[in-house]
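Visitor: My structure is below; once you've seen it, I'll send some questions.
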Amino acid sequence: MVSLDTVLLTVAGIVLIPFVLVISFLVLITSFGWTTGFRRRYIEFLLWLFEYGRQKIEKAEKDKLSRTNSKESDMDEDIQPSDAKENSGNGTSPLIDRDELVLAPDPNHNMRNGRKKSEVVFDFHRARSVETFKRDYQLGDILDYVKSGTEAIIEDEVTQRFVAAELRSWNLLTRTNHSYEFINIRLTVIWVIGFFFRYFILLPSRVVICFIGMSFMVVATAIVGCLPDSKFKRHVYSTVALIVFRILGLALTGTITFHDSQYKPTNGGICVANHTSPIDIVILASDQPYAMIGQRHGGFLGIIQRALARASSHIWFERAEAKDRVAVAKRLKEHVEDPDKLPILIFPEGTCINNTSVMQFKKGSFEVGGTIYPVAIKYDARFGDAFWNSSRYSMMQHLYLMMTSWAIVCDVWYLPPMTRNEGESAIDFASRVKAAIARQGGLVDLMWDGQLKRCKPKLEWKQKQQEEFSKRLKVN
């Protein structure tokens, strides 16, 4: 009689041998930058599946609505026509009907975009003119600010950038408040199959590939670090970095489309990009090796930082040193002035935004001189949300969510290099670069500081609004 151990070994051999062969094949072709086109076809199949689910959901909701309307019509037969007309509505009013009162941290911000200063704080669509408003003060004059503040509490344009954006259609994941997977039996079956595919096929495969990539990084960078500083060492590191980040991108089923590669950053330049997740580095470095700047971390990110620092010139600083802008700017300037060093990758927002907008760029990287290479990154959240909500998830939880998603799909645009104009301030230059990134990526260009994610608004912002309001009051 065949023993249980023999059966288990046979089954394990049947399953593991193809698994190892497939993983090895994928890692090998990815390392050389080759492609079989499988990921593209996989994405196309998912799009077809999402469309099928959308149609089923819409049909189910229409059927539910028709049944509800039928019941209501039976109950409302005794209502008079005049009463029905009085209580009718179009049902399409938005939650907030905003007036043109805009509270901004910098009243002069939009003047650089061709708008008048008076339009930044107040844009009256009322019979009362600004001159009339200056003559006399009435208690009702503060209602504009009260209304704007209430709107900001309910639905402001800042804090909603720090949470995952809502999807327009269901992507067959359970990360939603709607139980779409139970609308009908067909969607339920598709959802169950997708669940097993993501958690029992994709997740183990991705963990193995990630382990291979990390192991290769630690070993290869240790070897490269032993080489004397030379052109050969820099060439070897660039090759190793490309292989490592391509493998790590494969671990997320990263499907990346690069546009306008003729504008790729070159040595001695500064590459700036909008920031959504730590995997932005993986996305960009899979096409072009970079030097990096940032705060030292522990844990998983710390392993990557220490491995990279052994083989190339990266700028990692401690939290206390990060507050010393002069020291950081000096190290950055020294790196940029060396033509042998890789272009340095910087995320000027300083925090992760949910890929619907671009927030204020810190001016530090725009003060050191050199050529700026803007890059716009736009993720397709239908396949997996790349946004890292660091206030809610740890780094490992974030990686787990991405590895149990369908894929990470994004477009990367290299923009023409930009330099600071004569007489242009670092703040204006940063805003100009930010606007170009937002425009190319189809993102909202916001003037607000991304650090509002962690701290309260600055006192000077409040004072500026008070000053603007006081200018419209009559002083006796």
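In the structure tokens, chains take letters A, B, ... by order of appearance, with residues numbered from 1 within each chain and ligands from 1 in the order shown.
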For stretch 208-217 of chain A, please output as a PDB file with C-alpha atoms, in the first residue's frame all residues within 12 Å (counting only C-alpha atoms; exclusion window: fewer than 2 positions along the same chain).

Guide:
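Once everything was written out, this is selection_5.pdb:
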```
ATOM      1  CA  PHE A  19       6.175  26.391 -10.181  1.00  0.00           C
ATOM      2  CA  VAL A  20       9.962  26.688  -9.865  1.00  0.00           C
ATOM      3  CA  VAL A  22       7.881  29.200 -14.331  1.00  0.00           C
ATOM      4  CA  ILE A  23       9.276  31.530 -11.645  1.00  0.00           C
ATOM      5  CA  SER A  24      12.837  30.986 -12.872  1.00  0.00           C
ATOM      6  CA  PHE A  25      11.820  31.683 -16.477  1.00  0.00           C
ATOM      7  CA  LEU A  26       9.981  34.891 -15.538  1.00  0.00           C
ATOM      8  CA  VAL A  27      12.857  36.178 -13.394  1.00  0.00           C
ATOM      9  CA  LEU A  28      15.384  35.417 -16.127  1.00  0.00           C
ATOM     10  CA  THR A  30      12.680  40.128 -16.716  1.00  0.00           C
ATOM     11  CA  SER A  31      16.301  40.600 -15.646  1.00  0.00           C
ATOM     12  CA  ILE A 201      -1.319  31.660  -6.840  1.00  0.00           C
ATOM     13  CA  LEU A 202      -0.328  35.314  -7.199  1.00  0.00           C
ATOM     14  CA  LEU A 203       0.603  35.970  -3.547  1.00  0.00           C
ATOM     15  CA  PRO A 204       2.976  32.987  -3.099  1.00  0.00           C
ATOM     16  CA  SER A 205       4.558  33.640  -6.496  1.00  0.00           C
ATOM     17  CA  ARG A 206       5.079  37.310  -5.727  1.00  0.00           C
ATOM     18  CA  VAL A 219      24.600  39.805  -2.410  1.00  0.00           C
ATOM     19  CA  ALA A 220      25.265  41.797  -5.590  1.00  0.00           C
ATOM     20  CA  THR A 221      25.621  45.189  -3.882  1.00  0.00           C
ATOM     21  CA  ALA A 222      28.002  43.662  -1.331  1.00  0.00           C
ATOM     22  CA  ILE A 223      30.196  42.421  -4.173  1.00  0.00           C
ATOM     23  CA  VAL A 224      29.997  45.718  -6.081  1.00  0.00           C
ATOM     24  CA  GLY A 225      30.887  47.585  -2.892  1.00  0.00           C
ATOM     25  CA  TYR A 237      26.158  48.964 -10.303  1.00  0.00           C
ATOM     26  CA  THR A 239      23.396  46.906 -14.450  1.00  0.00           C
ATOM     27  CA  VAL A 240      22.767  45.373 -11.015  1.00  0.00           C
ATOM     28  CA  ALA A 241      20.290  48.121 -10.089  1.00  0.00           C
ATOM     29  CA  LEU A 242      18.285  47.622 -13.276  1.00  0.00           C
ATOM     30  CA  ILE A 243      18.094  43.843 -12.705  1.00  0.00           C
ATOM     31  CA  VAL A 244      17.100  44.225  -9.038  1.00  0.00           C
ATOM     32  CA  PHE A 245      14.317  46.731  -9.601  1.00  0.00           C
ATOM     33  CA  ARG A 246      12.972  44.867 -12.617  1.00  0.00           C
ATOM     34  CA  ILE A 247      12.653  41.730 -10.470  1.00  0.00           C
ATOM     35  CA  LEU A 248      10.976  43.709  -7.667  1.00  0.00           C
ATOM     36  CA  GLY A 249       8.600  45.196 -10.250  1.00  0.00           C
ATOM     37  CA  LEU A 250       7.778  41.685 -11.421  1.00  0.00           C
ATOM     38  CA  ALA A 251       6.901  40.808  -7.820  1.00  0.00           C
ATOM     39  CA  LEU A 252       4.018  43.289  -8.107  1.00  0.00           C
ATOM     40  CA  THR A 253       3.066  42.236 -11.643  1.00  0.00           C
ATOM     41  CA  VAL A 282      10.866  50.557  -8.106  1.00  0.00           C
ATOM     42  CA  PHE A 300      12.255  46.544   5.165  1.00  0.00           C
ATOM     43  CA  LEU A 301      13.126  49.962   3.730  1.00  0.00           C
ATOM     44  CA  ILE A 303      17.518  46.832   4.323  1.00  0.00           C
ATOM     45  CA  ILE A 304      17.156  48.312   0.839  1.00  0.00           C
ATOM     46  CA  GLN A 305      18.851  51.576   1.832  1.00  0.00           C
ATOM     47  CA  ARG A 306      21.869  49.884   3.427  1.00  0.00           C
ATOM     48  CA  ALA A 307      22.284  47.508   0.492  1.00  0.00           C
ATOM     49  CA  LEU A 308      22.203  50.349  -2.051  1.00  0.00           C
ATOM     50  CA  ALA A 309      24.553  52.544  -0.011  1.00  0.00           C
ATOM     51  CA  ARG A 310      27.275  49.871  -0.138  1.00  0.00           C
ATOM     52  CA  ALA A 311      27.525  50.041  -3.914  1.00  0.00           C
ATOM     53  CA  LEU A 399       3.068  45.571   0.423  1.00  0.00           C
ATOM     54  CA  TYR A 400       0.597  42.843   1.402  1.00  0.00           C
ATOM     55  CA  MET A 403       0.658  41.752  -3.564  1.00  0.00           C
TER      56      MET A 403
END
```

Visitor: With a cut-off of 12 Å, could you pull out the residues of stretch 190-214 of chain A touching stretch 49-66 of chain A and give me the nearest pair of atoms for each, distance in Å to one decimal, using only C-alpha atoms, ordered by chain and ascending number, as a Markdown table?

Guide:
```
| residue | atom | partner | partner_atom | distance |
| --- | --- | --- | --- | --- |
| A:Ile190 | CA | A:Leu49 | CA | 9.0 |
| A:Trp191 | CA | A:Gly53 | CA | 9.8 |
| A:Gly194 | CA | A:Leu49 | CA | 10.6 |
```

Visitor: Please identify which residues in stretch 182-344 of chain A DSSP calls alpha helix (DSSP H) from the backbone, and express them as number ranges by chain.

Guide: A: 185-197, 203-225, 231-250, 279-285, 299-311, 319-322, 325-336

Visitor: Find the nearest atom pair between each residue of stretch 206-325 of chain A and stretch 359-373 of chain A for residues within 7 Å, count only C-alpha atoms, give distances in Å to one decimal, sort rows by chain and ascending number, and present the table as a tab-separated table.

Guide:
```
residue	atom	partner	partner_atom	distance
A:Pro265	CA	A:Tyr373	CA	5.8
A:Gly269	CA	A:Thr371	CA	5.2
A:Ile270	CA	A:Ile372	CA	5.0
A:Cys271	CA	A:Tyr373	CA	4.6
A:Val272	CA	A:Tyr373	CA	6.2
```

Visitor: Can you tell me how far atom CA of A:Glu337 sits from atom CA of A:Asn267, in Å to one decimal?

Guide: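 Going from atom CA of A:Glu337 over to atom CA of A:Asn267, I get 9.5 Å.
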
Visitor: Using only C-alpha atoms, which residue out of A:Phe429, A:Phe383, A:Tyr414, A:Tyr393 lies closest to A:Ser169?

Guide: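 Closest to A:Ser169, using only C-alpha atoms: A:Phe383.
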
Visitor: Write out as a list in words the residues lying within 10 Å of A:Arg161, counting only C-alpha atoms and excluding same-chain residues fewer than 4 positions away.

Guide: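 Skipping anything fewer than 4 positions along the chain leaves Asp156, Glu157, Ala165, Cys352, Ile353, Asn354, Asn355, Thr356, Ser357, Val358, Met359, Gly450 and Lys453 of chain A.
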
Visitor: For those residues, write all heavy atoms to a file as a compact mmCIF listing (two decimals), in the first residue's frame.

Guide:
```
# COMPACT_ATOMS: atom_id res chain seq x y z
N ASP A 156 -13.39 68.88 1.94
CA ASP A 156 -12.34 69.81 1.52
C ASP A 156 -11.48 69.15 0.46
O ASP A 156 -11.54 67.94 0.23
CB ASP A 156 -11.50 70.24 2.71
CG ASP A 156 -10.62 69.10 3.20
OD1 ASP A 156 -11.14 68.20 3.88
OD2 ASP A 156 -9.43 69.11 2.89
N GLU A 157 -10.63 69.95 -0.18
CA GLU A 157 -9.82 69.45 -1.29
C GLU A 157 -8.44 68.99 -0.86
O GLU A 157 -7.64 68.58 -1.69
CB GLU A 157 -9.68 70.54 -2.36
CG GLU A 157 -8.87 71.75 -1.91
CD GLU A 157 -8.66 72.76 -3.01
OE1 GLU A 157 -9.17 72.53 -4.12
OE2 GLU A 157 -7.99 73.78 -2.76
N ALA A 165 -8.48 56.96 -3.29
CA ALA A 165 -9.53 57.52 -4.14
C ALA A 165 -10.59 56.47 -4.45
O ALA A 165 -10.30 55.27 -4.53
CB ALA A 165 -8.92 58.04 -5.44
N CYS A 352 3.34 60.94 0.68
CA CYS A 352 2.59 60.22 -0.35
C CYS A 352 1.20 60.81 -0.53
O CYS A 352 0.47 61.02 0.45
CB CYS A 352 2.47 58.73 0.03
SG CYS A 352 4.04 57.85 0.05
N ILE A 353 0.84 61.10 -1.77
CA ILE A 353 -0.48 61.62 -2.14
C ILE A 353 -1.18 60.54 -2.97
O ILE A 353 -0.53 59.72 -3.62
CB ILE A 353 -0.35 62.92 -2.95
CG1 ILE A 353 0.61 63.90 -2.25
CG2 ILE A 353 -1.71 63.58 -3.17
CD1 ILE A 353 0.17 64.31 -0.87
N ASN A 354 -2.51 60.53 -2.97
CA ASN A 354 -3.26 59.41 -3.54
C ASN A 354 -3.34 59.39 -5.07
O ASN A 354 -4.25 58.77 -5.63
CB ASN A 354 -4.67 59.36 -2.95
CG ASN A 354 -5.53 60.53 -3.36
OD1 ASN A 354 -5.09 61.44 -4.07
ND2 ASN A 354 -6.77 60.54 -2.91
N ASN A 355 -2.44 60.08 -5.74
CA ASN A 355 -2.32 60.03 -7.20
C ASN A 355 -3.50 60.67 -7.93
O ASN A 355 -3.74 60.38 -9.10
CB ASN A 355 -2.14 58.59 -7.69
CG ASN A 355 -1.40 58.49 -9.01
OD1 ASN A 355 -1.82 57.79 -9.93
ND2 ASN A 355 -0.29 59.20 -9.13
N THR A 356 -4.23 61.53 -7.22
CA THR A 356 -5.26 62.33 -7.89
C THR A 356 -4.81 63.77 -8.06
O THR A 356 -5.45 64.53 -8.79
CB THR A 356 -6.57 62.32 -7.08
OG1 THR A 356 -6.34 62.90 -5.79
CG2 THR A 356 -7.09 60.89 -6.91
N SER A 357 -3.72 64.16 -7.39
CA SER A 357 -3.27 65.54 -7.43
C SER A 357 -1.77 65.60 -7.18
O SER A 357 -1.14 64.61 -6.81
CB SER A 357 -4.02 66.38 -6.39
OG SER A 357 -3.69 65.92 -5.08
N VAL A 358 -1.23 66.79 -7.38
CA VAL A 358 0.16 67.09 -7.03
C VAL A 358 0.12 68.26 -6.06
O VAL A 358 -0.46 69.30 -6.36
CB VAL A 358 1.00 67.46 -8.26
CG1 VAL A 358 2.45 67.66 -7.86
CG2 VAL A 358 0.91 66.38 -9.32
N MET A 359 0.73 68.09 -4.89
CA MET A 359 0.70 69.13 -3.87
C MET A 359 2.02 69.90 -3.88
O MET A 359 2.92 69.62 -4.67
CB MET A 359 0.39 68.52 -2.51
CG MET A 359 -0.94 67.74 -2.50
SD MET A 359 -1.57 67.31 -0.88
CE MET A 359 -2.29 68.88 -0.41
N GLY A 450 1.75 69.24 1.48
CA GLY A 450 1.40 67.87 1.82
C GLY A 450 1.61 67.53 3.27
O GLY A 450 1.06 66.54 3.77
N LYS A 453 -0.95 66.62 6.09
CA LYS A 453 -1.31 65.25 6.42
C LYS A 453 -0.97 64.93 7.87
O LYS A 453 -1.62 64.09 8.50
CB LYS A 453 -0.55 64.31 5.48
CG LYS A 453 -0.83 62.83 5.62
CD LYS A 453 -0.01 62.08 4.59
CE LYS A 453 -0.30 60.58 4.60
NZ LYS A 453 0.49 59.88 3.56
```
